[in-house]
>>> print(open('protein26.cif').read())   # mmCIF, C-alpha atoms
data_entry
#
loop_
_atom_site.label_atom_id
_atom_site.label_comp_id
_atom_site.auth_asym_id
_atom_site.auth_seq_id
_atom_site.Cartn_x
_atom_site.Cartn_y
_atom_site.Cartn_z
CA MET A 996 41.55 63.24 -78.97
CA THR A 997 39.15 66.00 -79.91
CA GLU A 998 37.19 67.95 -77.38
CA ALA A 999 33.92 66.40 -78.51
CA ASP A 1000 35.34 62.89 -78.02
CA ASP A 1001 36.56 63.89 -74.64
CA LYS A 1002 33.14 65.16 -73.69
CA ALA A 1003 31.49 61.94 -74.85
CA LEU A 1004 33.91 59.79 -72.85
CA ARG A 1005 33.24 61.92 -69.78
CA LEU A 1006 29.56 61.26 -70.27
CA HIS A 1007 30.15 57.50 -70.23
CA ALA A 1008 32.51 57.75 -67.29
CA ALA A 1009 29.80 59.62 -65.37
CA LEU A 1010 27.31 56.89 -66.26
CA ASP A 1011 29.71 54.22 -65.04
CA GLY A 1012 30.52 56.00 -61.80
CA GLU A 1013 34.16 56.31 -62.81
CA LEU A 1014 34.45 60.07 -62.25
CA ASP A 1015 35.92 61.29 -59.00
CA ALA A 1016 33.95 63.70 -56.82
CA ALA A 1017 35.36 66.80 -58.50
CA GLY A 1018 34.72 65.37 -61.96
CA MET A 1019 31.17 64.41 -61.03
CA LEU A 1020 30.52 67.89 -59.69
CA ALA A 1021 31.78 69.47 -62.91
CA PHE A 1022 29.66 67.06 -64.92
CA GLU A 1023 26.49 67.82 -62.96
CA ARG A 1024 27.15 71.51 -63.46
CA ALA A 1025 27.57 70.97 -67.19
CA CYS A 1026 24.28 69.04 -67.27
CA ALA A 1027 22.49 71.89 -65.52
CA GLU A 1028 23.75 74.34 -68.13
CA ASP A 1029 23.22 72.10 -71.12
CA PRO A 1030 19.82 70.38 -71.38
CA ALA A 1031 20.96 68.41 -74.43
CA LEU A 1032 23.75 66.85 -72.38
CA ALA A 1033 21.33 66.01 -69.57
CA ALA A 1034 18.93 64.43 -72.05
CA GLU A 1035 21.73 62.38 -73.60
CA PHE A 1036 22.73 61.18 -70.14
CA ALA A 1037 19.15 60.14 -69.34
CA ARG A 1038 18.89 58.34 -72.67
CA LEU A 1039 22.12 56.42 -72.10
CA GLU A 1040 20.89 55.44 -68.65
CA SER A 1041 17.71 54.00 -70.11
CA VAL A 1042 19.67 52.06 -72.75
CA GLU A 1043 21.80 50.66 -69.96
CA GLU A 1044 18.70 49.63 -68.01
CA ALA A 1045 17.22 47.98 -71.08
CA LEU A 1046 20.47 46.14 -71.72
CA ARG A 1047 20.55 44.77 -68.18
CA ARG A 1048 17.00 43.54 -68.65
CA ALA A 1049 17.82 42.01 -72.04
CA ALA A 1050 21.04 40.28 -70.97
CA PRO A 1051 20.65 39.56 -67.25
CA ILE A 1052 22.96 37.35 -65.25
CA GLU A 1053 21.19 34.03 -65.48
CA PRO A 1054 21.73 31.02 -63.26
CA ALA A 1055 24.10 28.37 -64.54
CA PRO A 1056 22.29 25.08 -65.24
CA ALA A 1057 22.06 22.89 -62.14
CA HIS A 1058 24.02 19.99 -63.64
CA LEU A 1059 26.87 22.36 -64.55
CA ARG A 1060 26.89 23.86 -61.08
CA ALA A 1061 26.91 20.40 -59.51
CA ARG A 1062 29.83 19.29 -61.67
CA MET A 1063 31.83 22.42 -60.92
CA ALA A 1064 31.06 22.27 -57.20
CA ALA A 1065 32.44 18.74 -57.22
CA LEU A 1066 35.76 20.14 -58.48
CA GLY A 1067 36.10 22.06 -55.23
CA ALA A 1068 34.77 19.40 -52.89
CA PRO A 1069 37.26 17.90 -50.44
CA GLN A 1070 38.77 14.78 -51.79
CA ARG A 1071 39.28 12.09 -49.22
CA ARG A 1072 37.55 13.14 -46.08
CA ARG A 1073 33.82 12.88 -46.23
CA PHE A 1074 31.85 15.50 -44.41
CA TRP A 1075 30.46 13.07 -41.85
CA SER A 1076 33.56 11.20 -40.88
CA ALA A 1077 35.33 14.04 -39.11
CA PRO A 1078 32.94 15.00 -36.30
CA PRO A 1079 32.79 11.52 -34.75
CA ARG A 1080 36.58 11.39 -34.78
CA ALA A 1081 36.80 14.77 -33.10
CA LEU A 1082 34.12 13.70 -30.66
CA ALA A 1083 36.12 10.61 -29.81
CA ALA A 1084 39.20 12.75 -29.31
CA SER A 1085 37.48 15.14 -26.96
CA LEU A 1086 35.92 12.27 -25.01
CA LEU A 1087 39.33 10.74 -24.70
CA LEU A 1088 40.75 14.04 -23.54
CA GLY A 1089 37.94 14.36 -21.01
CA ALA A 1090 38.72 10.91 -19.65
CA PHE A 1091 42.42 11.67 -19.59
CA LEU A 1092 41.90 14.81 -17.54
CA GLY A 1093 40.22 12.62 -14.95
CA TYR A 1094 36.60 13.54 -14.73
CA GLY A 1095 36.06 10.51 -12.54
CA GLY A 1096 33.58 8.83 -14.83
CA ALA A 1097 31.18 11.75 -14.80
CA LEU A 1098 30.40 12.18 -18.44
CA LEU A 1099 30.72 15.89 -18.78
CA ARG A 1100 29.40 17.65 -21.83
CA PRO A 1101 31.84 16.88 -24.60
CA ALA A 1102 32.29 20.19 -26.37
CA PRO A 1103 30.05 20.11 -29.42
CA PRO A 1104 32.65 19.95 -32.18
CA GLN A 1105 30.22 21.45 -34.70
CA ASP A 1106 30.91 24.88 -33.22
CA GLU A 1107 34.63 24.39 -33.55
CA ARG A 1108 34.33 23.16 -37.10
CA ALA A 1109 32.08 26.04 -38.10
CA LEU A 1110 34.46 28.55 -36.55
CA VAL A 1111 37.44 26.97 -38.29
CA SER A 1112 35.50 27.25 -41.54
CA ALA A 1113 34.77 30.89 -40.80
CA PHE A 1114 38.45 31.44 -40.09
CA MET A 1115 39.37 29.83 -43.38
CA ARG A 1116 36.75 31.79 -45.26
CA THR A 1117 38.00 35.11 -43.94
CA GLN A 1118 41.57 34.07 -44.62
CA ILE A 1119 40.74 33.41 -48.24
CA GLY A 1120 38.22 36.21 -48.62
CA GLY A 1121 40.53 38.70 -46.92
CA GLN A 1122 37.77 40.29 -44.84
CA SER A 1123 38.19 39.14 -41.28
CA VAL A 1124 36.49 42.00 -39.46
CA ASP A 1125 33.25 43.95 -39.83
CA VAL A 1126 34.60 46.71 -37.64
CA ALA A 1127 38.33 47.28 -38.03
CA THR A 1128 39.85 49.11 -35.11
CA SER A 1129 42.35 48.46 -32.36
CA ASP A 1130 40.25 50.49 -29.92
CA ARG A 1131 38.32 48.11 -27.70
CA HIS A 1132 36.03 50.96 -26.70
CA VAL A 1133 34.85 51.03 -30.30
CA VAL A 1134 34.68 47.26 -30.84
CA LYS A 1135 32.75 46.57 -27.66
CA PRO A 1136 29.75 48.85 -28.30
CA TRP A 1137 29.71 47.88 -31.97
CA LEU A 1138 29.34 44.21 -31.07
CA ALA A 1139 27.04 44.97 -28.16
CA THR A 1140 24.44 46.47 -30.48
CA ARG A 1141 24.49 43.38 -32.69
CA ALA A 1142 24.92 40.42 -30.40
CA PRO A 1143 22.98 39.25 -27.36
CA LEU A 1144 26.08 38.79 -25.20
CA ALA A 1145 28.10 41.56 -23.64
CA VAL A 1146 31.51 41.10 -25.12
CA ALA A 1147 34.74 40.87 -23.21
CA ALA A 1148 36.69 43.05 -25.62
CA VAL A 1149 39.96 43.14 -23.73
CA ASP A 1150 43.11 44.88 -24.78
CA LEU A 1151 45.99 42.41 -25.12
CA ALA A 1152 48.45 44.61 -26.97
CA SER A 1153 50.79 44.60 -23.98
CA ALA A 1154 50.84 40.79 -24.12
CA GLY A 1155 51.74 40.93 -27.80
CA PHE A 1156 48.29 40.35 -29.28
CA PRO A 1157 46.95 43.64 -30.64
CA LEU A 1158 43.21 43.80 -31.32
CA ILE A 1159 42.40 44.36 -34.98
CA GLY A 1160 38.63 44.38 -34.81
CA GLY A 1161 35.46 42.39 -34.42
CA ARG A 1162 32.77 40.71 -36.43
CA VAL A 1163 29.57 38.79 -35.94
CA GLU A 1164 29.26 35.09 -36.72
CA ALA A 1165 26.02 33.19 -37.06
CA LEU A 1166 26.46 29.71 -35.61
CA ASP A 1167 23.63 27.30 -36.00
CA GLY A 1168 21.10 30.09 -35.54
CA ARG A 1169 22.96 31.79 -32.69
CA ILE A 1170 24.58 35.19 -33.11
CA ALA A 1171 28.12 34.97 -31.83
CA PRO A 1172 30.36 38.02 -31.35
CA THR A 1173 33.90 37.40 -32.50
CA LEU A 1174 37.05 39.34 -31.65
CA VAL A 1175 40.05 39.25 -33.93
CA TYR A 1176 43.57 39.63 -32.57
CA ARG A 1177 46.85 39.64 -34.41
CA ARG A 1178 50.31 38.27 -33.77
CA ARG A 1179 52.88 38.87 -36.48
CA GLU A 1180 51.06 37.94 -39.70
CA HIS A 1181 48.79 35.47 -37.91
CA ARG A 1182 45.33 35.92 -36.48
CA ILE A 1183 43.53 34.64 -33.43
CA GLU A 1184 39.76 34.79 -33.46
CA VAL A 1185 37.85 34.48 -30.22
CA THR A 1186 34.15 33.76 -30.37
CA GLU A 1187 31.88 34.01 -27.36
CA LEU A 1188 29.08 31.53 -26.96
CA PRO A 1189 26.40 31.11 -24.33
CA LEU A 1190 27.55 28.58 -21.77
CA SER A 1191 26.23 25.12 -22.54
CA GLY A 1192 26.53 22.52 -19.82
CA ARG A 1193 28.68 23.14 -16.79
CA ALA A 1194 31.46 25.66 -16.63
CA SER A 1195 34.84 24.04 -16.84
CA GLU A 1196 38.12 25.53 -15.79
CA ASN A 1197 39.97 23.35 -18.24
CA ILE A 1198 41.10 24.48 -21.63
CA GLU A 1199 40.21 21.93 -24.26
CA THR A 1200 42.38 22.11 -27.30
CA SER A 1201 41.79 20.48 -30.64
CA ARG A 1202 42.97 20.67 -34.19
CA PHE A 1203 41.00 20.91 -37.39
CA ASP A 1204 42.50 21.11 -40.86
CA GLY A 1205 45.77 22.35 -39.42
CA TYR A 1206 44.21 25.09 -37.29
CA HIS A 1207 44.48 25.07 -33.52
CA VAL A 1208 41.35 25.52 -31.50
CA ALA A 1209 40.98 26.14 -27.79
CA ARG A 1210 37.74 26.10 -25.86
CA TRP A 1211 37.24 27.23 -22.30
CA SER A 1212 34.56 28.83 -20.22
CA ASP A 1213 34.08 31.08 -17.26
CA PHE A 1214 31.02 31.16 -15.05
CA ASP A 1215 28.55 32.38 -17.64
CA ARG A 1216 29.89 31.81 -21.11
CA SER A 1217 32.15 29.74 -23.33
CA TYR A 1218 34.93 30.94 -25.56
CA VAL A 1219 36.35 29.32 -28.65
CA ALA A 1220 39.64 30.58 -30.05
CA VAL A 1221 40.79 29.60 -33.54
CA THR A 1222 44.23 30.41 -34.87
CA ASP A 1223 46.88 29.54 -37.41
CA LEU A 1224 49.52 30.10 -34.73
CA PRO A 1225 51.40 27.22 -33.12
CA GLU A 1226 49.76 25.61 -30.12
CA THR A 1227 52.18 27.10 -27.59
CA GLU A 1228 51.36 30.62 -28.68
CA LEU A 1229 47.66 29.87 -28.57
CA ALA A 1230 48.15 28.76 -24.96
CA ASP A 1231 49.90 32.08 -24.21
CA PHE A 1232 47.02 33.91 -25.79
CA VAL A 1233 44.37 32.03 -23.84
CA ALA A 1234 46.20 32.68 -20.58
CA ALA A 1235 46.50 36.40 -21.37
CA PHE A 1236 42.87 36.62 -22.46
CA ARG A 1237 41.50 34.89 -19.37
CA ALA A 1238 43.64 37.00 -17.08
CA ALA A 1239 42.49 40.20 -18.78
CA VAL A 1240 38.83 39.20 -18.65
CA ALA A 1241 39.12 38.27 -15.00
CA ALA A 1242 40.84 41.58 -14.24
CA GLU A 1243 38.14 43.50 -16.03
CA ARG A 1244 35.43 41.78 -14.03
CA GLU A 1245 37.19 42.65 -10.79
CA GLU A 1246 36.90 46.35 -11.55
CA PRO A 1247 33.87 46.60 -13.80
CA ARG A 1248 33.44 50.37 -13.69
CA ALA A 1249 37.06 51.36 -13.72
CA LYS A 1250 36.96 52.60 -17.27
CA MET B 4 45.80 16.23 -62.54
CA THR B 5 44.60 16.16 -58.97
CA ALA B 6 44.13 19.50 -57.31
CA SER B 7 45.50 20.01 -53.84
CA GLU B 8 43.26 20.50 -50.84
CA LEU B 9 44.24 24.17 -50.72
CA ALA B 10 43.38 24.77 -54.36
CA ARG B 11 40.00 23.09 -53.90
CA ARG B 12 39.25 25.17 -50.86
CA ARG B 13 40.21 28.35 -52.66
CA PHE B 14 38.20 27.29 -55.68
CA THR B 15 35.08 26.82 -53.58
CA ALA B 16 35.56 30.20 -51.92
CA VAL B 17 36.70 32.20 -54.93
CA ALA B 18 35.35 30.71 -58.15
CA LEU B 19 32.04 29.01 -57.33
CA PRO B 20 30.23 32.16 -56.10
CA HIS B 21 30.72 33.67 -59.55
CA LEU B 22 29.61 30.67 -61.58
CA ASP B 23 26.37 32.32 -62.71
CA ALA B 24 28.24 35.41 -63.86
CA ALA B 25 30.78 33.26 -65.69
CA TYR B 26 28.03 31.25 -67.36
CA SER B 27 26.14 34.37 -68.42
CA LEU B 28 29.22 36.02 -69.87
CA ALA B 29 30.21 32.82 -71.69
CA LYS B 30 26.71 32.48 -73.09
CA SER B 31 26.66 36.06 -74.33
CA LEU B 32 30.06 35.64 -75.94
CA ALA B 33 29.41 32.22 -77.48
CA GLY B 34 25.80 32.86 -78.36
CA ASN B 35 24.33 29.66 -76.94
CA GLY B 36 24.06 27.71 -73.70
CA ALA B 37 25.71 24.45 -74.78
CA ASP B 38 28.96 26.15 -75.78
CA ALA B 39 28.76 28.30 -72.65
CA GLU B 40 28.83 25.12 -70.54
CA ASP B 41 31.98 23.92 -72.27
CA ILE B 42 33.59 27.31 -71.78
CA VAL B 43 32.68 27.50 -68.10
CA GLN B 44 33.99 24.00 -67.50
CA GLU B 45 37.28 24.89 -69.16
CA ALA B 46 37.42 28.15 -67.19
CA CYS B 47 36.86 26.30 -63.91
CA LEU B 48 39.65 23.84 -64.68
CA ARG B 49 41.97 26.74 -65.45
CA ALA B 50 40.89 28.47 -62.24
CA LEU B 51 41.58 25.35 -60.19
CA THR B 52 45.07 25.06 -61.66
CA ALA B 53 45.81 28.74 -61.13
CA LEU B 54 44.66 28.59 -57.52
CA GLU B 55 47.40 26.10 -56.66
CA THR B 56 49.82 29.01 -56.61
CA GLN B 57 47.75 32.14 -56.75
CA GLN B 58 45.86 34.29 -54.28
CA VAL B 59 43.01 36.27 -55.78
CA GLU B 60 42.22 39.82 -54.82
CA LYS B 61 39.10 40.45 -56.89
CA PRO B 62 37.36 37.12 -57.36
CA ARG B 63 34.60 38.34 -59.67
CA ALA B 64 36.87 40.20 -62.07
CA TRP B 65 39.34 37.33 -61.92
CA MET B 66 36.75 34.66 -62.68
CA LEU B 67 35.30 36.70 -65.55
CA THR B 68 38.78 37.25 -66.99
CA ILE B 69 39.46 33.52 -67.02
CA THR B 70 36.04 32.86 -68.53
CA ARG B 71 36.62 35.48 -71.21
CA ASN B 72 39.97 33.96 -72.10
CA ALA B 73 38.50 30.47 -72.22
CA ALA B 74 35.71 31.78 -74.44
CA LEU B 75 38.18 33.36 -76.84
CA THR B 76 40.14 30.12 -77.13
CA PHE B 77 36.92 28.22 -77.64
CA LEU B 78 35.56 30.61 -80.26
CA SER B 79 38.78 30.64 -82.22
CA ARG B 80 38.48 26.85 -82.55
CA ARG B 81 34.80 26.84 -83.35
CA ALA B 82 34.21 27.28 -87.06
CA PRO B 83 30.58 28.15 -87.79
CA PRO B 84 28.45 29.97 -85.23
CA SER B 85 25.96 27.68 -83.50
CA PRO B 86 22.33 28.63 -83.64
CA ALA B 87 20.67 29.98 -80.53
CA ASP B 88 19.31 27.15 -78.42
CA VAL B 89 15.68 26.47 -77.73
CA GLY B 90 15.77 28.10 -74.31
CA ASP B 91 16.81 31.39 -75.85
CA LEU B 92 14.15 31.20 -78.51
CA GLU B 93 11.52 30.54 -75.89
CA ARG B 94 12.63 33.47 -73.83
CA ASP B 95 12.47 35.70 -76.86
CA GLY B 96 8.90 34.60 -77.48
CA ARG B 97 9.85 33.18 -80.84
CA LEU B 98 8.77 29.63 -80.08
CA SER B 99 5.82 30.04 -77.76
CA ALA B 100 2.91 32.26 -78.55
CA ALA B 101 2.52 35.19 -76.16
CA GLU B 102 -0.18 34.45 -73.61
CA PRO B 103 -3.09 36.78 -73.91
CA GLY B 104 -3.59 38.89 -70.81
CA PRO B 105 -4.15 42.40 -69.60
CA ASP B 106 -0.52 43.43 -70.03
CA ALA B 107 0.25 41.15 -72.95
CA GLU B 108 0.90 44.10 -75.18
CA ALA B 109 3.29 45.77 -72.75
CA ARG B 110 5.08 42.47 -72.34
CA LEU B 111 5.28 42.04 -76.07
CA ILE B 112 6.83 45.47 -76.45
CA ALA B 113 9.32 44.79 -73.69
CA ALA B 114 10.17 41.39 -75.17
CA ASP B 115 10.52 43.05 -78.53
CA GLU B 116 12.87 45.66 -77.12
CA SER B 117 14.92 43.04 -75.29
CA SER B 118 15.17 40.79 -78.27
CA ALA B 119 16.18 43.73 -80.50
CA LEU B 120 18.87 44.61 -77.94
CA ARG B 121 20.10 41.03 -77.76
CA GLY B 122 20.23 40.92 -81.53
CA ALA B 123 22.23 44.13 -81.66
CA LEU B 124 24.50 42.87 -78.89
CA ALA B 125 25.16 39.63 -80.76
CA GLU B 126 26.15 41.58 -83.84
CA LEU B 127 28.66 43.76 -82.02
CA PRO B 128 32.30 42.87 -82.63
CA LEU B 129 33.56 40.64 -79.81
CA ALA B 130 35.84 43.31 -78.35
CA LEU B 131 32.95 45.78 -77.99
CA ARG B 132 30.57 43.11 -76.73
CA GLU B 133 32.80 41.77 -73.97
CA THR B 134 33.67 45.29 -72.83
CA LEU B 135 30.06 46.38 -72.63
CA LEU B 136 28.94 43.19 -70.86
CA MET B 137 31.71 43.35 -68.28
CA ARG B 138 30.76 46.93 -67.50
CA ALA B 139 26.98 47.08 -67.80
CA VAL B 140 25.97 43.61 -66.69
CA HIS B 141 28.84 42.47 -64.47
CA GLY B 142 29.76 45.83 -62.99
CA LEU B 143 33.53 45.64 -63.45
CA SER B 144 35.50 48.89 -63.20
CA TYR B 145 37.32 50.35 -66.19
CA ARG B 146 40.60 49.28 -64.65
CA ASP B 147 39.43 45.69 -64.17
CA ILE B 148 38.11 45.52 -67.72
CA ALA B 149 41.39 46.91 -69.02
CA ALA B 150 43.27 44.19 -67.17
CA ALA B 151 40.84 41.47 -68.30
CA THR B 152 40.95 42.39 -71.97
CA ALA B 153 44.61 43.46 -72.04
CA ALA B 154 43.67 46.88 -73.39
CA PRO B 155 44.50 50.39 -72.13
CA VAL B 156 41.78 52.15 -70.12
CA GLY B 157 41.35 54.70 -72.93
CA THR B 158 40.53 51.86 -75.33
CA VAL B 159 38.02 50.41 -72.87
CA MET B 160 36.32 53.80 -72.69
CA SER B 161 36.10 54.30 -76.43
CA ARG B 162 34.86 50.72 -76.91
CA LEU B 163 32.10 51.35 -74.38
CA ALA B 164 31.09 54.54 -76.18
CA ARG B 165 30.98 52.77 -79.52
CA ALA B 166 29.07 49.77 -78.20
CA ARG B 167 26.48 51.98 -76.51
CA ALA B 168 26.11 54.10 -79.62
CA ALA B 169 25.33 50.97 -81.63
CA LEU B 170 22.72 49.75 -79.13
CA SER B 171 21.18 53.21 -78.84
CA GLN B 172 20.52 53.21 -82.54
CA VAL B 173 18.58 49.97 -82.31
CA LEU B 174 16.42 51.26 -79.48
CA GLY B 175 16.02 54.67 -81.11
CA GLY B 176 14.67 53.05 -84.27
CA LYS B 177 12.09 51.10 -82.29
CA LYS B 178 10.72 53.98 -80.32
#
>>> encode(input="protein26.cif", output="structure tokens")
Amino acid sequence: MTEADDKALRLHAALDGELDAAGMLAFERACAEDPALAAEFARLESVEEALRRAAPIEPAPAHLRARMAALGAPQRRRFWSAPPRALAASLLLGAFLGYGGALLRPAPPQDERALVSAFMRTQIGGQSVDVATSDRHVVKPWLATRAPLAVAAVDLASAGFPLIGGRVEALDGRIAPTLVYRRREHRIEVTELPLSGRASENIETSRFDGYHVARWSDFDRSYVAVTDLPETELADFVAAFRAAVAAEREEPRAK
Amino acid sequence: MTASELARRRFTAVALPHLDAAYSLAKSLAGNGADAEDIVQEACLRALTALETQQVEKPRAWMLTITRNAALTFLSRRAPPSPADVGDLERDGRLSAAEPGPDAEARLIAADESSALRGALAELPLALRETLLMRAVHGLSYRDIAAATAAPVGTVMSRLARARAALSQVLGGKK
């Protein structure tokens, strides 16, 4: 490769943002010394702009999109058939736990479903946290500035569930802070929601698409945990989480 | 073949968001919208099959790679090039008269420039065209383009330089 070729390729690499910081610095210096190089760079940039205008990404035709979306649509289960079934299950569970006929708020399963979807999405997309840190003193203020609720970012590493970060979910128009914990290669995501209905000491568990979900509340908010762990380990987690939250409330200014 | 639930779920998460990009690339490679639809459909079927067993790290680059490969298969089977479809002609201003207006002239010049660029792009050899499109329009990195086109990074770089030189000439002549 001749030196001139090399120079030309560097020019294109600079245009494409493929130079590292040191390379970019050297290139900018060369541009400052050589007006012809700077002019060539500007010209290439304008060609690139013109090309993007001439061959933009255009939307696929609607009928094509519809056909392709159908390829990915779930096969048997229709969207509407699941919630009533889950509703029936949670009503049954409520009756089983002996609420003496008082029809307590059956947990709205839409939340659970949406959170399971979010769990699945992050599992496939690979990005489960917006802020990735095991330090709860970082996660808590990060979420606090973005969500209306003060988050119970508790440290459960000693119980075998290290914190890996937090993110914000939008559920049916509500902003819901979510904490992400890890056990082995599995994740547990806990989302805090404003308390709807009466607080219940009970832990309601359910299952969607193979994921285990637990819902419980304390006096002012509800929690929904979603995981790909077995049910027994989810129960361990919920117990550890509740204990840690309760302990933190006992001594609010200890840390 | 019936795709599993998992493959469908992955397909919805991984492939569908990049359908527009896939369609645009296919259209630029094939030269018309009707063939692009066939290519995208074939690419989606391939994607669905691949997702039975595969996890995808870079969905956009992955989807464009599959689309590119489907396009190459398609083009090797297609004998004569199809003419541009009506939609393209309309966009180029070749079918409808330019509306008169205050900035009609500026629009005409811009349309002229764009259509000259599209013409030059269509005349580029396929290897140069796909490389330039993946970089300039779809924003893939050199490394991703190298993987998609099964070429070394050095080749990707020299193809980009050659493709841009060809387009520059077209624009330079018009100015």
>>> closest_residue(input="protein26.cif", among="B:Ala153, B:Leu170, B:Leu75, B:Leu67", to="chain A", atoms="all atoms listed in the file")
B:Leu170
>>> residues_around(input="protein26.cif", residues="region 1132-1146 of chain A", least_positions_apart="5", cutoff="7 Å", atoms="all atoms listed in the file", output="list in words")
Val1126, Gly1160, Gly1161, Ile1170, Ala1171 and Pro1172 of chain A
>>> resolve_selection(input="protein26.cif", expression="the PyMOL selection byres ((chain B) within 6 of (chain A))", output="count of residues only")
9
>>> residues_around(input="protein26.cif", residues="Asp1167 (chain A)", least_positions_apart="6", cutoff="9 Å", atoms="all atoms listed in the file", output="PyMOL selection string")
chain A and resi 1105-1106+1109
>>> write_last_selection(input="protein26.cif", atoms="C-alpha atoms", output="PDB file, in the coordinates of the input")
ATOM      1  CA  GLN A1105      30.220  21.450 -34.700  1.00  0.00           C
ATOM      2  CA  ASP A1106      30.910  24.880 -33.220  1.00  0.00           C
ATOM      3  CA  ALA A1109      32.080  26.040 -38.100  1.00  0.00           C
TER       4      ALA A1109
END
>>> closest_residue(input="protein26.cif", among="A:Leu1158, A:Asp1215, A:Asp1204, A:Val1149", to="Ala1238 (chain A)", atoms="all atoms listed in the file")
A:Val1149
>>> residues_around(input="protein26.cif", residues="Ser31 (chain B)", least_positions_apart="5", cutoff="9 Å", atoms="all atoms listed in the file", output="list in words")
Ala1050 of chain A; Tyr26, Gly36, Ala39, Arg121, Leu124, Ala125, Arg132, Glu133 and Leu136 of chain B
>>> resolve_selection(input="protein26.cif", expression="the PyMOL selection byres ((chain A and resi 1221) around 6)", output="JSON, numbers by chain")
{"A": [1183, 1184, 1207, 1208, 1220, 1222]}
>>> residues_around(input="protein26.cif", residues="Val156 (chain B)", least_positions_apart="2", cutoff="12 Å", atoms="only C-alpha atoms", output="PyMOL selection string")
(chain A and resi 1004+1008+1013) or (chain B and resi 134+144-154+158-163)
>>> atom_distance(input="protein26.cif", atom1="CA of Asp1150 (chain A)", atom2="CA of Ala1241 (chain A)")
12.5 Å
>>> resolve_selection(input="protein26.cif", expression="the PyMOL selection byres ((chain A and resi 1239) around 10)", output="mmCIF file with C-alpha atoms, in the frame of the given file")
data_model
loop_
_atom_site.group_PDB
_atom_site.id
_atom_site.type_symbol
_atom_site.label_atom_id
_atom_site.label_comp_id
_atom_site.auth_asym_id
_atom_site.auth_seq_id
_atom_site.Cartn_x
_atom_site.Cartn_y
_atom_site.Cartn_z
ATOM 1 C CA ALA A 1147 34.740 40.870 -23.210
ATOM 2 C CA ALA A 1148 36.690 43.050 -25.620
ATOM 3 C CA VAL A 1149 39.960 43.140 -23.730
ATOM 4 C CA ASP A 1150 43.110 44.880 -24.780
ATOM 5 C CA LEU A 1151 45.990 42.410 -25.120
ATOM 6 C CA ALA A 1154 50.840 40.790 -24.120
ATOM 7 C CA VAL A 1233 44.370 32.030 -23.840
ATOM 8 C CA ALA A 1234 46.200 32.680 -20.580
ATOM 9 C CA ALA A 1235 46.500 36.400 -21.370
ATOM 10 C CA PHE A 1236 42.870 36.620 -22.460
ATOM 11 C CA ARG A 1237 41.500 34.890 -19.370
ATOM 12 C CA ALA A 1238 43.640 37.000 -17.080
ATOM 13 C CA VAL A 1240 38.830 39.200 -18.650
ATOM 14 C CA ALA A 1241 39.120 38.270 -15.000
ATOM 15 C CA ALA A 1242 40.840 41.580 -14.240
ATOM 16 C CA GLU A 1243 38.140 43.500 -16.030
ATOM 17 C CA ARG A 1244 35.430 41.780 -14.030
ATOM 18 C CA GLU A 1245 37.190 42.650 -10.790
#
>>> atom_distance(input="protein26.cif", atom1="CA of Arg167 (chain B)", atom2="CA of Ile69 (chain B)")
24.5 Å
>>> atom_distance(input="protein26.cif", atom1="CA of Glu45 (chain B)", atom2="CA of Met137 (chain B)")
19.3 Å
>>> closest_residue(input="protein26.cif", among="A:Leu1166, A:Ala1009, A:Ala1209, A:Leu1014", to="Asn1197 (chain A)", atoms="only C-alpha atoms")
A:Ala1209
